$ cat final20.cif   # mmCIF, C-alpha atoms
data_final
loop_
_atom_site.label_atom_id
_atom_site.label_comp_id
_atom_site.auth_asym_id
_atom_site.auth_seq_id
_atom_site.Cartn_x
_atom_site.Cartn_y
_atom_site.Cartn_z
CA MET D 30 -29.49 136.36 0.51
CA ALA D 31 -26.49 134.46 1.93
CA PRO D 32 -25.13 135.61 5.29
CA MET D 33 -21.85 137.50 5.21
CA SER D 34 -18.76 135.93 6.67
CA ASN D 35 -17.57 137.52 9.88
CA LYS D 36 -14.12 135.95 9.83
CA ARG D 37 -11.49 138.65 10.03
CA PHE D 38 -8.37 136.52 9.68
CA HIS D 39 -7.12 133.96 7.22
CA THR D 40 -7.73 130.52 8.73
CA GLY D 41 -5.78 128.41 6.23
CA SER D 42 -2.76 126.34 7.11
CA GLY D 43 -0.25 128.97 5.99
CA PRO D 44 0.09 132.72 5.68
CA SER D 45 -2.32 134.64 3.48
CA GLN D 46 -1.25 136.23 0.20
CA ARG D 47 -1.38 139.64 1.87
CA GLN D 48 0.92 138.51 4.69
CA LEU D 49 3.39 137.13 2.14
CA ARG D 50 3.27 140.26 0.00
CA VAL D 51 3.73 142.65 2.95
CA GLY D 52 6.49 140.45 4.38
CA GLU D 53 8.39 140.58 1.09
CA LEU D 54 7.97 144.38 0.88
CA ILE D 55 9.29 144.76 4.43
CA ARG D 56 12.22 142.43 3.63
CA ARG D 57 13.18 144.49 0.57
CA THR D 58 12.86 147.77 2.45
CA LEU D 59 14.95 146.52 5.39
CA SER D 60 17.59 145.15 3.03
CA ASP D 61 17.80 148.47 1.19
CA VAL D 62 18.06 150.47 4.42
CA LEU D 63 20.79 148.20 5.80
CA ASN D 64 22.64 148.09 2.47
CA ARG D 65 22.72 151.89 2.14
CA ALA D 66 23.75 152.33 5.81
CA GLU D 67 20.95 154.84 6.47
CA ILE D 68 20.82 154.15 10.21
CA HIS D 69 22.78 156.46 12.52
CA ASP D 70 24.69 153.68 14.29
CA PRO D 71 28.31 153.14 13.20
CA GLU D 72 28.40 149.63 14.69
CA LEU D 73 25.32 148.55 12.70
CA ASN D 74 26.56 150.24 9.53
CA ALA D 75 29.86 148.33 9.80
CA MET D 76 27.99 145.01 9.62
CA SER D 77 26.85 143.31 6.42
CA ILE D 78 23.50 141.79 7.31
CA THR D 79 21.23 139.79 5.04
CA VAL D 80 17.49 139.64 5.63
CA GLY D 81 16.43 136.16 4.54
CA GLU D 82 12.72 136.33 5.25
CA VAL D 83 10.10 138.43 7.01
CA SER D 84 6.93 136.85 8.34
CA CYS D 85 3.96 138.95 9.41
CA SER D 86 1.22 138.32 11.94
CA PRO D 87 -2.32 137.99 10.52
CA ASP D 88 -3.17 141.58 11.51
CA LEU D 89 0.15 142.85 9.99
CA LYS D 90 1.07 144.62 13.23
CA VAL D 91 4.11 142.43 14.01
CA ALA D 92 6.83 141.55 11.51
CA THR D 93 9.55 139.04 12.39
CA ALA D 94 12.71 139.44 10.32
CA TYR D 95 15.08 136.48 10.03
CA VAL D 96 18.58 137.91 9.65
CA MET D 97 22.14 136.64 9.35
CA PRO D 98 25.48 138.45 9.12
CA LEU D 99 27.15 137.79 5.78
CA MET D 100 30.09 135.40 5.79
CA GLY D 101 30.00 135.12 9.59
CA SER D 102 31.63 138.55 9.88
CA VAL D 103 30.13 139.08 13.36
CA PRO D 104 28.25 136.78 15.72
CA VAL D 105 24.53 136.68 14.95
CA GLU D 106 23.73 137.72 18.52
CA ASN D 107 25.67 140.98 18.03
CA ALA D 108 23.82 141.70 14.79
CA ILE D 109 20.44 141.07 16.40
CA ALA D 110 21.37 143.26 19.38
CA ALA D 111 22.41 146.11 17.03
CA LEU D 112 19.17 145.77 15.05
CA ALA D 113 17.09 145.71 18.25
CA ARG D 114 18.86 148.86 19.50
CA ASN D 115 17.85 150.65 16.31
CA LYS D 116 14.39 149.12 16.02
CA ALA D 117 12.55 152.46 16.23
CA GLU D 118 14.55 154.03 13.40
CA LEU D 119 14.24 150.88 11.28
CA ARG D 120 10.48 150.83 11.90
CA HIS D 121 10.26 154.47 10.81
CA ARG D 122 12.18 153.70 7.58
CA VAL D 123 9.95 150.70 6.85
CA ALA D 124 6.82 152.80 7.44
CA GLN D 125 8.09 155.39 4.95
CA GLY D 126 8.51 152.70 2.30
CA LEU D 127 5.08 151.12 2.78
CA THR D 128 1.53 152.34 2.61
CA LEU D 129 0.09 150.48 5.57
CA LYS D 130 -2.29 151.82 8.17
CA TYR D 131 0.10 150.81 10.96
CA ALA D 132 3.87 150.49 10.94
CA PRO D 133 4.56 146.92 12.06
CA ASP D 134 6.55 146.25 15.22
CA LEU D 135 9.84 144.70 14.10
CA ARG D 136 11.34 141.66 15.75
CA PHE D 137 14.63 140.10 14.77
CA ARG D 138 15.51 136.40 14.91
CA PRO D 139 18.48 134.42 13.57
CA ASP D 140 17.97 132.89 10.13
CA GLU D 141 18.56 129.16 10.54
CA THR D 142 17.82 128.20 6.93
CA PHE D 143 21.44 127.43 6.11
CA ASP D 144 21.85 125.30 9.25
CA ARG D 145 18.81 123.23 8.27
CA LEU D 146 20.18 122.91 4.74
CA ASP D 147 23.47 121.54 6.10
CA ASP D 148 21.55 119.07 8.30
CA THR D 149 19.57 117.89 5.27
CA ARG D 150 22.72 117.41 3.20
CA ARG D 151 24.32 115.48 6.05
CA MET D 152 21.23 113.27 6.32
CA PHE D 153 21.21 112.49 2.58
CA SER D 154 24.91 111.62 2.65
CA ASP D 155 24.30 108.98 5.35
CA PRO D 156 24.94 105.55 3.74
CA SER D 157 21.75 103.98 5.15
CA VAL D 158 19.60 106.81 3.74
CA ALA D 159 21.35 106.61 0.37
CA ARG D 160 20.75 102.85 0.33
CA ASP D 161 17.04 103.31 1.12
CA LEU D 162 16.68 105.95 -1.59
CA ALA D 163 18.40 103.70 -4.14
CA ALA D 164 16.09 100.81 -3.18
CA GLN D 165 13.06 103.09 -3.53
CA ASP D 166 14.22 104.24 -6.99
CA GLU D 167 14.62 100.61 -8.12
CA GLY D 168 11.07 99.86 -6.89
CA ASP D 169 9.67 102.80 -8.87
CA GLU D 170 11.19 101.51 -12.13
CA ASP D 171 9.18 98.27 -12.00
#

$ encode --input "final20.cif" --output "structure tokens"
Amino acid sequence: MAPMSNKRFHTGSGPSQRQLRVGELIRRTLSDVLNRAEIHDPELNAMSITVGEVSCSPDLKVATAYVMPLMGSVPVENAIAALARNKAELRHRVAQGLTLKYAPDLRFRPDETFDRLDDTRRMFSDPSVARDLAAQDEGDED
């Protein structure tokens, strides 16, 4: 009989399928709650906030939500402060929408995906990079 594994956490290079699935469920639930303005904070309800991604810790007890106000309507710091002020109510709403043993502690961070995308576009538009890519494409055709 082979010995049983005693590893409790996923040790791969990235998040486990369960972390990804729970993160996506939390993202959808948060988006729905914010979209329907279910939180009792007029300042938060006046903001249009998008939840780009939610990453979970391996034990699913901490969820980090990457958020950004739509169209730059308010500074991201104000949006994160409003979300942090209402963290308990948001956590309660997320717990209602999920069937987890523990409601994850919510943390909010700015979503920098669009900034990185702009940096990548700027890098590819650099003439020296474009020249190197064109030279690489010519070498691949041989």

$ atom_distance --input "final20.cif" --atom1 "CA of Gln125 (chain D)" --atom2 "CA of Arg56 (chain D)"
13.7 Å

$ resolve_selection --input "final20.cif" --expression "the PyMOL selection byres ((chain D and resi 75-81) around 7)" --output "list in words"
Arg56, Ser60, Pro71, Glu72, Leu73, Asn74, Glu82, Ala94, Tyr95, Val96, Met97, Pro98, Leu99 and Asp140 of chain D

$ resolve_selection --input "final20.cif" --expression "the PyMOL selection byres ((chain D and resi 89) around 9)" --output "JSON, numbers by chain"
{"D": [47, 48, 51, 52, 85, 86, 87, 88, 90, 91, 92, 129, 131, 132, 133, 134]}

$ atom_distance --input "final20.cif" --atom1 "CA of Phe137 (chain D)" --atom2 "CA of Ala108 (chain D)"
9.3 Å

$ atom_distance --input "final20.cif" --atom1 "CA of Val83 (chain D)" --atom2 "CA of Lys116 (chain D)"
14.6 Å

$ closest_residue --input "final20.cif" --among "D:Val105, D:Val123, D:Ala163, D:Leu49" --to "Asp61 (chain D)" --atoms "all atoms listed in the file"
D:Val123

$ closest_residue --input "final20.cif" --among "D:Pro156, D:Leu112, D:Asp70, D:Ser102" --to "Leu135 (chain D)" --atoms "all atoms listed in the file"
D:Leu112

$ axis_aligned_box --input "final20.cif" --around "region 46-53 of chain D" --padding-each-side "3 Å" --output "JSON"
{"center_x": 3.5, "center_y": 139.4, "center_z": 2.3, "size_x": 15.8, "size_y": 12.4, "size_z": 10.7}

$ closest_residue --input "final20.cif" --among "D:Glu67, D:Phe153, D:Ala124, D:Glu118" --to "Leu54 (chain D)" --atoms "only C-alpha atoms"
D:Ala124

$ closest_residue --input "final20.cif" --among "D:Ala159, D:Ala164, D:Ala110, D:Leu127" --to "Thr58 (chain D)" --atoms "only C-alpha atoms"
D:Leu127

$ closest_residue --input "final20.cif" --among "D:Arg122, D:Gly43, D:Ile55, D:Arg136" --to "Ile109 (chain D)" --atoms "all atoms listed in the file"
D:Arg136
